Amino acid sequence: MAGSHSNWRPPRSCDVYWCEFKHCKSLFNRFHEYYTYGRAPDCQQWKEDYNTCKEWEKNHSTHAKESLQESERKRVAEQRKFTPVWELRQTPPADWHLPLNQGKPQDS
């Protein structure tokens, strides 16, 4: 069983999961999350991922591997759901090669 999974490694090292958990539980981060989003952060997933990573290192279990992969997929999907602030251009502006009007006041 260990031979079939020997090439796979967790997306992050176990220490990274633990550091993320400690950061999430820190007073500074809790204050920031509460100020920004109006609620305290939920840090339980970082702790679960750390424990699952340690289980993978010890037993190379299929359940631990799938659990870590699913957790990372959820994180990536969560990051992608936000729309960009700026609209991305497909082509440069028509007057991109002209000098800037540095001496003229801009419309505000």
# chains A, B, ... in the order shown; residues from 1 in each chain; ligands from 1
$ residues_around --residues "Pro10 of chain A" --least-positions-apart "4" --cutoff "12 Å" --atoms "only C-alpha atoms" --output "compact mmCIF listing (two decimals) with N, CA and C atoms, in the first residue's frame"
# COMPACT_ATOMS: atom_id res chain seq x y z
N HIS A 5 1.48 4.86 -3.09
CA HIS A 5 1.32 6.28 -2.77
C HIS A 5 2.66 6.98 -2.52
N SER A 6 3.76 6.28 -2.77
CA SER A 6 5.05 6.83 -2.38
C SER A 6 5.41 8.10 -3.15
N CYS A 14 3.30 19.60 6.58
CA CYS A 14 2.47 19.60 7.80
C CYS A 14 2.74 20.82 8.67
N ASP A 15 3.98 21.28 8.66
CA ASP A 15 4.33 22.47 9.44
C ASP A 15 3.58 23.70 8.95
N VAL A 16 3.32 23.78 7.66
CA VAL A 16 2.59 24.93 7.11
C VAL A 16 1.16 24.93 7.63
N TYR A 17 0.54 23.76 7.68
CA TYR A 17 -0.83 23.68 8.21
C TYR A 17 -0.85 24.14 9.67
N ASP A 49 -6.62 19.68 8.90
CA ASP A 49 -5.66 19.40 7.83
C ASP A 49 -4.29 19.03 8.40
N TYR A 50 -3.90 19.68 9.48
CA TYR A 50 -2.62 19.32 10.12
C TYR A 50 -2.67 17.88 10.62
N THR A 52 -4.63 15.48 9.63
CA THR A 52 -4.71 14.58 8.47
C THR A 52 -3.35 14.43 7.82
N CYS A 53 -2.60 15.52 7.74
CA CYS A 53 -1.25 15.47 7.15
C CYS A 53 -0.35 14.57 7.98
N LYS A 54 -0.43 14.70 9.29
CA LYS A 54 0.37 13.84 10.16
C LYS A 54 -0.03 12.38 10.00
N GLU A 55 -1.33 12.14 9.83
CA GLU A 55 -1.81 10.77 9.59
C GLU A 55 -1.24 10.24 8.28
N TRP A 56 -1.20 11.10 7.25
CA TRP A 56 -0.63 10.68 5.97
C TRP A 56 0.85 10.33 6.13
N GLU A 57 1.60 11.15 6.86
CA GLU A 57 3.02 10.87 7.05
C GLU A 57 3.24 9.55 7.79
N HIS A 60 0.19 6.72 5.46
CA HIS A 60 -0.05 6.81 4.01
C HIS A 60 -1.44 6.28 3.66
N SER A 61 -2.44 6.67 4.45
CA SER A 61 -3.79 6.18 4.21
C SER A 61 -4.45 6.93 3.05
N THR A 62 -5.28 6.22 2.32
CA THR A 62 -5.99 6.80 1.19
C THR A 62 -6.97 7.86 1.66
N ALA A 64 -6.67 9.91 4.21
CA ALA A 64 -5.94 11.14 4.52
C ALA A 64 -5.57 11.87 3.23
N LYS A 65 -5.14 11.15 2.23
CA LYS A 65 -4.77 11.75 0.95
C LYS A 65 -5.98 12.45 0.32
N GLU A 66 -7.10 11.76 0.26
CA GLU A 66 -8.30 12.33 -0.36
C GLU A 66 -8.83 13.52 0.45
N SER A 67 -8.73 13.44 1.75
CA SER A 67 -9.19 14.54 2.60
C SER A 67 -8.36 15.80 2.38
N LEU A 68 -7.05 15.66 2.29
CA LEU A 68 -6.19 16.82 2.04
C LEU A 68 -6.43 17.40 0.65
N GLN A 69 -6.61 16.53 -0.33
CA GLN A 69 -6.87 17.02 -1.69
C GLN A 69 -8.19 17.79 -1.74
N GLU A 70 -9.22 17.27 -1.10
CA GLU A 70 -10.53 17.94 -1.10
C GLU A 70 -10.46 19.28 -0.38
N SER A 71 -9.74 19.32 0.72
CA SER A 71 -9.61 20.57 1.47
C SER A 71 -8.92 21.64 0.63
N GLU A 72 -7.86 21.26 -0.07
CA GLU A 72 -7.16 22.22 -0.93
C GLU A 72 -8.04 22.66 -2.09
$ select_by_dssp --residues "chain A" --states "helix (DSSP H, G or I)" --output "mmCIF file with C-alpha atoms, in the first residue's frame"
data_model
loop_
_atom_site.group_PDB
_atom_site.id
_atom_site.type_symbol
_atom_site.label_atom_id
_atom_site.label_comp_id
_atom_site.auth_asym_id
_atom_site.auth_seq_id
_atom_site.Cartn_x
_atom_site.Cartn_y
_atom_site.Cartn_z
ATOM 1 C CA CYS A 14 2.467 19.596 7.797
ATOM 2 C CA ASP A 15 4.325 22.467 9.443
ATOM 3 C CA VAL A 16 2.588 24.931 7.107
ATOM 4 C CA TYR A 17 -0.826 23.678 8.214
ATOM 5 C CA TRP A 18 0.205 24.124 11.853
ATOM 6 C CA CYS A 19 1.578 27.629 11.233
ATOM 7 C CA GLU A 20 -1.639 28.608 9.449
ATOM 8 C CA PHE A 21 -3.642 27.307 12.404
ATOM 9 C CA LYS A 22 -1.528 29.280 14.885
ATOM 10 C CA HIS A 23 -1.827 32.417 12.752
ATOM 11 C CA CYS A 24 -5.584 31.964 12.470
ATOM 12 C CA LYS A 25 -5.896 31.703 16.262
ATOM 13 C CA LEU A 27 -5.161 37.801 18.563
ATOM 14 C CA PHE A 28 -4.115 40.047 15.674
ATOM 15 C CA ASN A 29 -5.806 37.847 13.066
ATOM 16 C CA ARG A 30 -8.969 37.456 15.148
ATOM 17 C CA PHE A 31 -9.202 41.243 15.530
ATOM 18 C CA HIS A 32 -8.574 41.770 11.810
ATOM 19 C CA GLU A 33 -11.201 39.205 10.773
ATOM 20 C CA TYR A 34 -13.748 40.652 13.172
ATOM 21 C CA TYR A 35 -13.054 44.205 11.994
ATOM 22 C CA THR A 36 -13.108 43.245 8.307
ATOM 23 C CA TYR A 37 -15.894 40.651 8.139
ATOM 24 C CA GLN A 44 -10.829 24.296 12.698
ATOM 25 C CA GLN A 45 -10.094 23.277 9.084
ATOM 26 C CA TRP A 46 -6.405 24.170 9.475
ATOM 27 C CA LYS A 47 -6.173 21.953 12.566
ATOM 28 C CA GLU A 48 -7.977 19.095 10.827
ATOM 29 C CA ASP A 49 -5.656 19.401 7.832
ATOM 30 C CA TYR A 50 -2.624 19.321 10.124
ATOM 31 C CA ASN A 51 -3.873 16.157 11.835
ATOM 32 C CA THR A 52 -4.710 14.582 8.471
ATOM 33 C CA CYS A 53 -1.255 15.470 7.149
ATOM 34 C CA LYS A 54 0.372 13.842 10.164
ATOM 35 C CA GLU A 55 -1.806 10.768 9.591
ATOM 36 C CA TRP A 56 -0.626 10.683 5.965
ATOM 37 C CA GLU A 57 3.017 10.868 7.046
ATOM 38 C CA LYS A 58 2.514 8.039 9.513
ATOM 39 C CA ASN A 59 0.189 5.633 7.649
ATOM 40 C CA THR A 62 -5.991 6.803 1.193
ATOM 41 C CA HIS A 63 -8.546 8.610 3.354
ATOM 42 C CA ALA A 64 -5.939 11.139 4.519
ATOM 43 C CA LYS A 65 -4.773 11.746 0.952
ATOM 44 C CA GLU A 66 -8.299 12.331 -0.357
ATOM 45 C CA SER A 67 -9.189 14.536 2.602
ATOM 46 C CA LEU A 68 -6.188 16.822 2.040
ATOM 47 C CA GLN A 69 -6.875 17.024 -1.685
ATOM 48 C CA GLU A 70 -10.526 17.938 -1.104
ATOM 49 C CA SER A 71 -9.605 20.567 1.473
ATOM 50 C CA GLU A 72 -7.159 22.222 -0.925
ATOM 51 C CA ARG A 73 -9.740 22.135 -3.730
ATOM 52 C CA LYS A 74 -12.211 23.946 -1.465
ATOM 53 C CA ARG A 75 -9.594 26.604 -0.627
ATOM 54 C CA VAL A 76 -8.826 27.217 -4.296
ATOM 55 C CA ALA A 77 -12.531 27.402 -5.170
ATOM 56 C CA GLU A 78 -13.092 29.856 -2.310
ATOM 57 C CA GLN A 79 -10.322 32.120 -3.612
ATOM 58 C CA ARG A 80 -11.651 32.040 -7.182
#
$ atom_distance --atom1 "atom CA of Phe82 of chain A" --atom2 "atom CA of Ala94 of chain A"
29.7 Å
